[in-house]
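Quick look at data.cif (mmCIF, C-alpha atoms, pLDDT in the B column; chains and numbers go by the auth columns):
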```cif
data_query
#
loop_
_atom_site.group_PDB
_atom_site.id
_atom_site.type_symbol
_atom_site.label_atom_id
_atom_site.label_comp_id
_atom_site.label_asym_id
_atom_site.label_seq_id
_atom_site.Cartn_x
_atom_site.Cartn_y
_atom_site.Cartn_z
_atom_site.B_iso_or_equiv
_atom_site.auth_seq_id
_atom_site.auth_asym_id
ATOM 1 C CA MET A 1 -49.140 8.025 -4.798 46.00 1 A
ATOM 2 C CA PHE A 2 -48.789 4.443 -6.038 40.00 2 A
ATOM 3 C CA LEU A 3 -46.879 5.606 -9.154 39.00 3 A
ATOM 4 C CA PHE A 4 -44.550 7.675 -6.960 37.00 4 A
ATOM 5 C CA PHE A 5 -43.812 4.564 -4.850 39.00 5 A
ATOM 6 C CA ILE A 6 -43.061 2.488 -7.967 39.00 6 A
ATOM 7 C CA LEU A 7 -40.740 5.218 -9.262 38.00 7 A
ATOM 8 C CA LEU A 8 -38.809 5.331 -5.971 39.00 8 A
ATOM 9 C CA LEU A 9 -38.558 1.545 -5.908 41.00 9 A
ATOM 10 C CA SER A 10 -37.186 1.380 -9.450 44.00 10 A
ATOM 11 C CA LEU A 11 -34.613 4.101 -8.762 42.00 11 A
ATOM 12 C CA GLY A 12 -33.394 2.242 -5.684 45.00 12 A
ATOM 13 C CA CYS A 13 -32.900 -0.968 -7.640 44.00 13 A
ATOM 14 C CA GLN A 14 -30.842 0.471 -10.489 40.00 14 A
ATOM 15 C CA LYS A 15 -27.333 -0.882 -10.837 37.00 15 A
ATOM 16 C CA GLN A 16 -24.721 1.710 -9.941 40.00 16 A
ATOM 17 C CA GLU A 17 -22.139 2.009 -12.698 46.00 17 A
ATOM 18 C CA SER A 18 -18.518 2.279 -11.663 55.00 18 A
ATOM 19 C CA ILE A 19 -16.628 5.323 -12.844 70.00 19 A
ATOM 20 C CA GLU A 20 -13.558 4.679 -14.919 75.00 20 A
ATOM 21 C CA GLY A 21 -10.638 7.007 -15.303 76.00 21 A
ATOM 22 C CA GLY A 22 -9.902 8.804 -18.523 82.00 22 A
ATOM 23 C CA VAL A 23 -6.197 8.036 -18.096 88.00 23 A
ATOM 24 C CA ASP A 24 -4.609 4.592 -18.333 92.00 24 A
ATOM 25 C CA ILE A 25 -2.468 4.309 -15.217 96.00 25 A
ATOM 26 C CA THR A 26 -1.860 0.552 -15.195 96.00 26 A
ATOM 27 C CA GLY A 27 1.791 -0.345 -14.916 96.00 27 A
ATOM 28 C CA GLN A 28 4.818 0.438 -12.810 97.00 28 A
ATOM 29 C CA TRP A 29 5.709 4.073 -11.983 98.00 29 A
ATOM 30 C CA LEU A 30 8.939 5.463 -10.494 98.00 30 A
ATOM 31 C CA GLN A 31 8.557 8.641 -8.440 97.00 31 A
ATOM 32 C CA THR A 32 10.900 11.315 -9.804 97.00 32 A
ATOM 33 C CA SER A 33 9.828 14.277 -7.651 97.00 33 A
ATOM 34 C CA ARG A 34 7.392 15.159 -4.917 95.00 34 A
ATOM 35 C CA ASN A 35 6.258 18.169 -2.905 96.00 35 A
ATOM 36 C CA GLN A 36 3.254 19.024 -0.715 94.00 36 A
ATOM 37 C CA ILE A 37 0.984 19.430 -3.754 96.00 37 A
ATOM 38 C CA GLN A 38 1.983 16.841 -6.349 97.00 38 A
ATOM 39 C CA ALA A 39 4.124 13.830 -7.191 97.00 39 A
ATOM 40 C CA ASN A 40 5.598 13.057 -10.616 97.00 40 A
ATOM 41 C CA TYR A 41 6.259 9.555 -11.959 98.00 41 A
ATOM 42 C CA VAL A 42 7.792 7.971 -15.049 97.00 42 A
ATOM 43 C CA PRO A 43 7.260 4.421 -16.332 97.00 43 A
ATOM 44 C CA THR A 44 9.852 1.927 -15.081 97.00 44 A
ATOM 45 C CA SER A 45 10.573 -1.783 -15.269 96.00 45 A
ATOM 46 C CA ARG A 46 12.237 -2.078 -11.854 94.00 46 A
ATOM 47 C CA PHE A 47 12.812 -0.348 -8.532 95.00 47 A
ATOM 48 C CA GLY A 48 15.994 0.064 -6.491 92.00 48 A
ATOM 49 C CA ASN A 49 16.180 -0.326 -2.697 89.00 49 A
ATOM 50 C CA PHE A 50 15.520 3.378 -2.097 91.00 50 A
ATOM 51 C CA ASP A 51 13.058 4.063 -4.954 95.00 51 A
ATOM 52 C CA TYR A 52 9.533 5.269 -4.283 96.00 52 A
ATOM 53 C CA GLY A 53 6.779 4.403 -6.728 97.00 53 A
ATOM 54 C CA LEU A 54 3.413 2.916 -7.567 98.00 54 A
ATOM 55 C CA ILE A 55 2.236 -0.189 -9.415 98.00 55 A
ATOM 56 C CA PHE A 56 -1.360 -0.034 -10.659 98.00 56 A
ATOM 57 C CA PHE A 57 -3.254 -3.164 -11.669 98.00 57 A
ATOM 58 C CA ASP A 58 -6.448 -3.089 -13.740 95.00 58 A
ATOM 59 C CA ASN A 59 -8.532 -4.746 -10.974 97.00 59 A
ATOM 60 C CA GLY A 60 -8.639 -1.730 -8.617 97.00 60 A
ATOM 61 C CA THR A 61 -5.595 -2.686 -6.558 98.00 61 A
ATOM 62 C CA TYR A 62 -2.176 -1.108 -6.453 98.00 62 A
ATOM 63 C CA ILE A 63 1.148 -1.337 -4.665 97.00 63 A
ATOM 64 C CA ASP A 64 2.468 1.711 -2.865 97.00 64 A
ATOM 65 C CA ARG A 65 6.255 1.475 -2.733 96.00 65 A
ATOM 66 C CA SER A 66 7.109 3.808 0.110 93.00 66 A
ATOM 67 C CA GLU A 67 9.170 4.244 3.254 90.00 67 A
ATOM 68 C CA SER A 68 9.660 1.066 5.285 90.00 68 A
ATOM 69 C CA GLY A 69 10.739 2.779 8.489 87.00 69 A
ATOM 70 C CA ILE A 70 14.370 1.664 8.139 89.00 70 A
ATOM 71 C CA CYS A 71 16.616 4.594 7.261 87.00 71 A
ATOM 72 C CA ILE A 72 20.318 4.758 6.493 85.00 72 A
ATOM 73 C CA GLY A 73 21.410 8.363 6.928 85.00 73 A
ATOM 74 C CA ALA A 74 19.041 10.541 4.907 83.00 74 A
ATOM 75 C CA ASP A 75 17.841 7.631 2.720 85.00 75 A
ATOM 76 C CA CYS A 76 15.055 5.283 3.783 88.00 76 A
ATOM 77 C CA LEU A 77 14.610 1.769 2.468 91.00 77 A
ATOM 78 C CA THR A 78 11.315 1.204 0.688 93.00 78 A
ATOM 79 C CA GLU A 79 8.773 -1.569 1.018 94.00 79 A
ATOM 80 C CA ASN A 80 5.718 -2.623 -1.002 96.00 80 A
ATOM 81 C CA PHE A 81 2.327 -1.967 0.629 97.00 81 A
ATOM 82 C CA ASN A 82 -0.955 -3.239 -0.843 97.00 82 A
ATOM 83 C CA GLY A 83 -3.686 -0.709 -1.521 98.00 83 A
ATOM 84 C CA SER A 84 -6.855 -0.151 -3.496 98.00 84 A
ATOM 85 C CA TYR A 85 -7.999 2.615 -5.806 98.00 85 A
ATOM 86 C CA ARG A 86 -11.214 3.827 -7.345 97.00 86 A
ATOM 87 C CA TRP A 87 -12.028 6.523 -9.842 97.00 87 A
ATOM 88 C CA LEU A 88 -14.296 9.281 -8.522 97.00 88 A
ATOM 89 C CA SER A 89 -14.468 10.961 -11.935 96.00 89 A
ATOM 90 C CA ALA A 90 -12.588 10.730 -15.226 95.00 90 A
ATOM 91 C CA ASP A 91 -9.571 12.534 -13.736 95.00 91 A
ATOM 92 C CA VAL A 92 -9.914 12.122 -9.937 97.00 92 A
ATOM 93 C CA ILE A 93 -8.757 8.986 -8.165 97.00 93 A
ATOM 94 C CA GLU A 94 -9.043 7.857 -4.551 98.00 94 A
ATOM 95 C CA LEU A 95 -6.114 5.840 -3.175 98.00 95 A
ATOM 96 C CA THR A 96 -6.364 3.822 0.052 98.00 96 A
ATOM 97 C CA VAL A 97 -3.340 2.123 1.585 97.00 97 A
ATOM 98 C CA ASP A 98 -2.139 0.931 4.974 94.00 98 A
ATOM 99 C CA ASN A 99 1.599 1.578 4.964 90.00 99 A
ATOM 100 C CA TYR A 100 4.347 2.451 7.468 85.00 100 A
ATOM 101 C CA HIS A 101 2.589 5.740 8.239 84.00 101 A
ATOM 102 C CA GLY A 102 -0.799 4.059 8.895 90.00 102 A
ATOM 103 C CA LEU A 103 -4.070 3.778 6.997 96.00 103 A
ATOM 104 C CA SER A 104 -4.773 6.660 4.645 95.00 104 A
ATOM 105 C CA THR A 105 -7.283 7.520 1.951 97.00 105 A
ATOM 106 C CA ARG A 106 -6.488 10.439 -0.326 97.00 106 A
ATOM 107 C CA GLU A 107 -7.897 11.957 -3.497 98.00 107 A
ATOM 108 C CA TYR A 108 -5.719 13.058 -6.419 97.00 108 A
ATOM 109 C CA VAL A 109 -6.237 14.729 -9.763 97.00 109 A
ATOM 110 C CA VAL A 110 -4.550 12.498 -12.361 97.00 110 A
ATOM 111 C CA GLU A 111 -2.717 13.854 -15.380 95.00 111 A
ATOM 112 C CA LYS A 112 -0.649 11.976 -17.915 92.00 112 A
ATOM 113 C CA LYS A 113 1.691 14.220 -19.875 89.00 113 A
ATOM 114 C CA SER A 114 2.617 13.696 -23.517 84.00 114 A
ATOM 115 C CA GLY A 115 6.085 12.369 -22.604 86.00 115 A
ATOM 116 C CA GLY A 116 4.528 9.536 -20.584 91.00 116 A
ATOM 117 C CA GLU A 117 4.949 11.251 -17.205 96.00 117 A
ATOM 118 C CA LEU A 118 2.197 10.617 -14.650 97.00 118 A
ATOM 119 C CA VAL A 119 1.282 13.458 -12.271 97.00 119 A
ATOM 120 C CA LEU A 120 -0.837 13.015 -9.127 98.00 120 A
ATOM 121 C CA ARG A 121 -1.925 16.345 -7.671 98.00 121 A
ATOM 122 C CA VAL A 122 -3.616 16.581 -4.275 97.00 122 A
ATOM 123 C CA LYS A 123 -7.289 17.431 -4.652 92.00 123 A
#
```
Written as structure tokens, that's how I'd like the structure from this file.
Amino acid sequence: MFLFFILLLSLGCQKQESIEGGVDITGQWLQTSRNQIQANYVPTSRFGNFDYGLIFFDNGTYIDRSESGICIGADCLTENFNGSYRWLSADVIELTVDNYHGLSTREYVVEKKSGGELVLRVK
């Protein structure tokens, strides 16, 4: 019984390792297409007033460049919203952001294609 207690105590005190993604997503990404299932991005150095995109930093934070709520005809101006991300596995990421649409947390399967395109597919 005593050994069982010691074993439980040692398991409870182990440091939990953070999971890191198998894909390097750091950098600035311009959204090129989107549907209900996935969004596609390409690397970019700048955004225009109506461009949607993501900027990932290596410290677990990101910027979600999305709709600001101000629309001109069919186009909506974009704004930068601060968010956080964490890897759930080597290819699944969880994104949390509080933007114009409210607080959301979503999981995506991450794929980086050979041409440099980043794909986030709803899990």
TODO: Just give me the gap between CA of Asp75 (chain A) and CA of Gly27 (chain A) in Å, one decimal is fine.
DONE: 25.1 Å
Taking all listed atoms of region 81-85 of chain A, build the axis-aligned box, pad each of the six sides by 8 Å, then write its centre and edge lengths in Å to one decimal as AutoDock Vina command-line options.
```
--center_x -2.8 --center_y -0.3 --center_z -2.6 --size_x 26.3 --size_y 21.9 --size_z 22.4
```
- [ ] With the file shown as input, list the residues that the PyMOL selection byres ((chain A and resi 107) around 10) selects, as a VMD selection string.
- [x] chain A and resid 85 to 88 92 to 96 105 to 106 108 to 110 120 to 123
Could you give me, as a compact mmCIF listing (two decimals) with C-alpha atoms, keeping the file's coordinate frame, the residues within 7 Å of Leu118 (chain A), counting all atoms listed in the file and dropping anything in the same chain fewer than 5 positions from it?
```
# COMPACT_ATOMS: atom_id res chain seq x y z
CA ASN A 40 5.60 13.06 -10.62
CA TYR A 41 6.26 9.56 -11.96
CA VAL A 42 7.79 7.97 -15.05
CA GLU A 111 -2.72 13.85 -15.38
CA LYS A 112 -0.65 11.98 -17.92
CA LYS A 113 1.69 14.22 -19.88
```
Task: Straight-line distance linking CA of Asp98 (chain A) with CA of Arg34 (chain A), stated in Å to one decimal - done: 19.8 Å
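Closest to Thr61 (chain A) among A:Ser84, A:Asp91, A:Ser114, A:Ile19 is A:Ser84, based on all atoms listed in the file.
Omitting Arg65 (chain A) and its sequence neighbours fewer than 3 positions away, and counting all atoms listed in the file, the residues within 12 Å are Gln28, Trp29, Leu30, Gln31, Arg46, Phe47, Gly48, Asn49, Phe50, Asp51, Tyr52, Gly53, Leu54, Ile55, Phe56, Tyr62, Ser68, Cys76, Leu77, Thr78, Glu79, Asn80, Phe81, Asn82, Gly83, Val97, Asp98, Asn99 and Tyr100 of chain A.
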Just write the chosen residues, C-alpha atoms, as an mmCIF file, in the frame of the given file.
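What landed in out-v4.cif:
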```
data_model
loop_
_atom_site.group_PDB
_atom_site.id
_atom_site.type_symbol
_atom_site.label_atom_id
_atom_site.label_comp_id
_atom_site.auth_asym_id
_atom_site.auth_seq_id
_atom_site.Cartn_x
_atom_site.Cartn_y
_atom_site.Cartn_z
ATOM 1 C CA GLN A 28 4.818 0.438 -12.810
ATOM 2 C CA TRP A 29 5.709 4.073 -11.983
ATOM 3 C CA LEU A 30 8.939 5.463 -10.494
ATOM 4 C CA GLN A 31 8.557 8.641 -8.440
ATOM 5 C CA ARG A 46 12.237 -2.078 -11.854
ATOM 6 C CA PHE A 47 12.812 -0.348 -8.532
ATOM 7 C CA GLY A 48 15.994 0.064 -6.491
ATOM 8 C CA ASN A 49 16.180 -0.326 -2.697
ATOM 9 C CA PHE A 50 15.520 3.378 -2.097
ATOM 10 C CA ASP A 51 13.058 4.063 -4.954
ATOM 11 C CA TYR A 52 9.533 5.269 -4.283
ATOM 12 C CA GLY A 53 6.779 4.403 -6.728
ATOM 13 C CA LEU A 54 3.413 2.916 -7.567
ATOM 14 C CA ILE A 55 2.236 -0.189 -9.415
ATOM 15 C CA PHE A 56 -1.360 -0.034 -10.659
ATOM 16 C CA TYR A 62 -2.176 -1.108 -6.453
ATOM 17 C CA SER A 68 9.660 1.066 5.285
ATOM 18 C CA CYS A 76 15.055 5.283 3.783
ATOM 19 C CA LEU A 77 14.610 1.769 2.468
ATOM 20 C CA THR A 78 11.315 1.204 0.688
ATOM 21 C CA GLU A 79 8.773 -1.569 1.018
ATOM 22 C CA ASN A 80 5.718 -2.623 -1.002
ATOM 23 C CA PHE A 81 2.327 -1.967 0.629
ATOM 24 C CA ASN A 82 -0.955 -3.239 -0.843
ATOM 25 C CA GLY A 83 -3.686 -0.709 -1.521
ATOM 26 C CA VAL A 97 -3.340 2.123 1.585
ATOM 27 C CA ASP A 98 -2.139 0.931 4.974
ATOM 28 C CA ASN A 99 1.599 1.578 4.964
ATOM 29 C CA TYR A 100 4.347 2.451 7.468
#
```
Task: Atomic separation - CA of Ile37 (chain A) relative to CA of Val119 (chain A), Å - done: 10.4 Å
TODO: List the residues selected by the PyMOL selection byres ((chain A and resi 90) around 6) in the file shown, writing them as a ChimeraX atom specification.
DONE: /A:21-22,89,91
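Nearest-residue note for Glu20 (chain A): choosing from A:Gln38, A:Asn59, A:Ser66, A:Thr32, the minimum distance belongs to A:Asn59, counting all atoms listed in the file.
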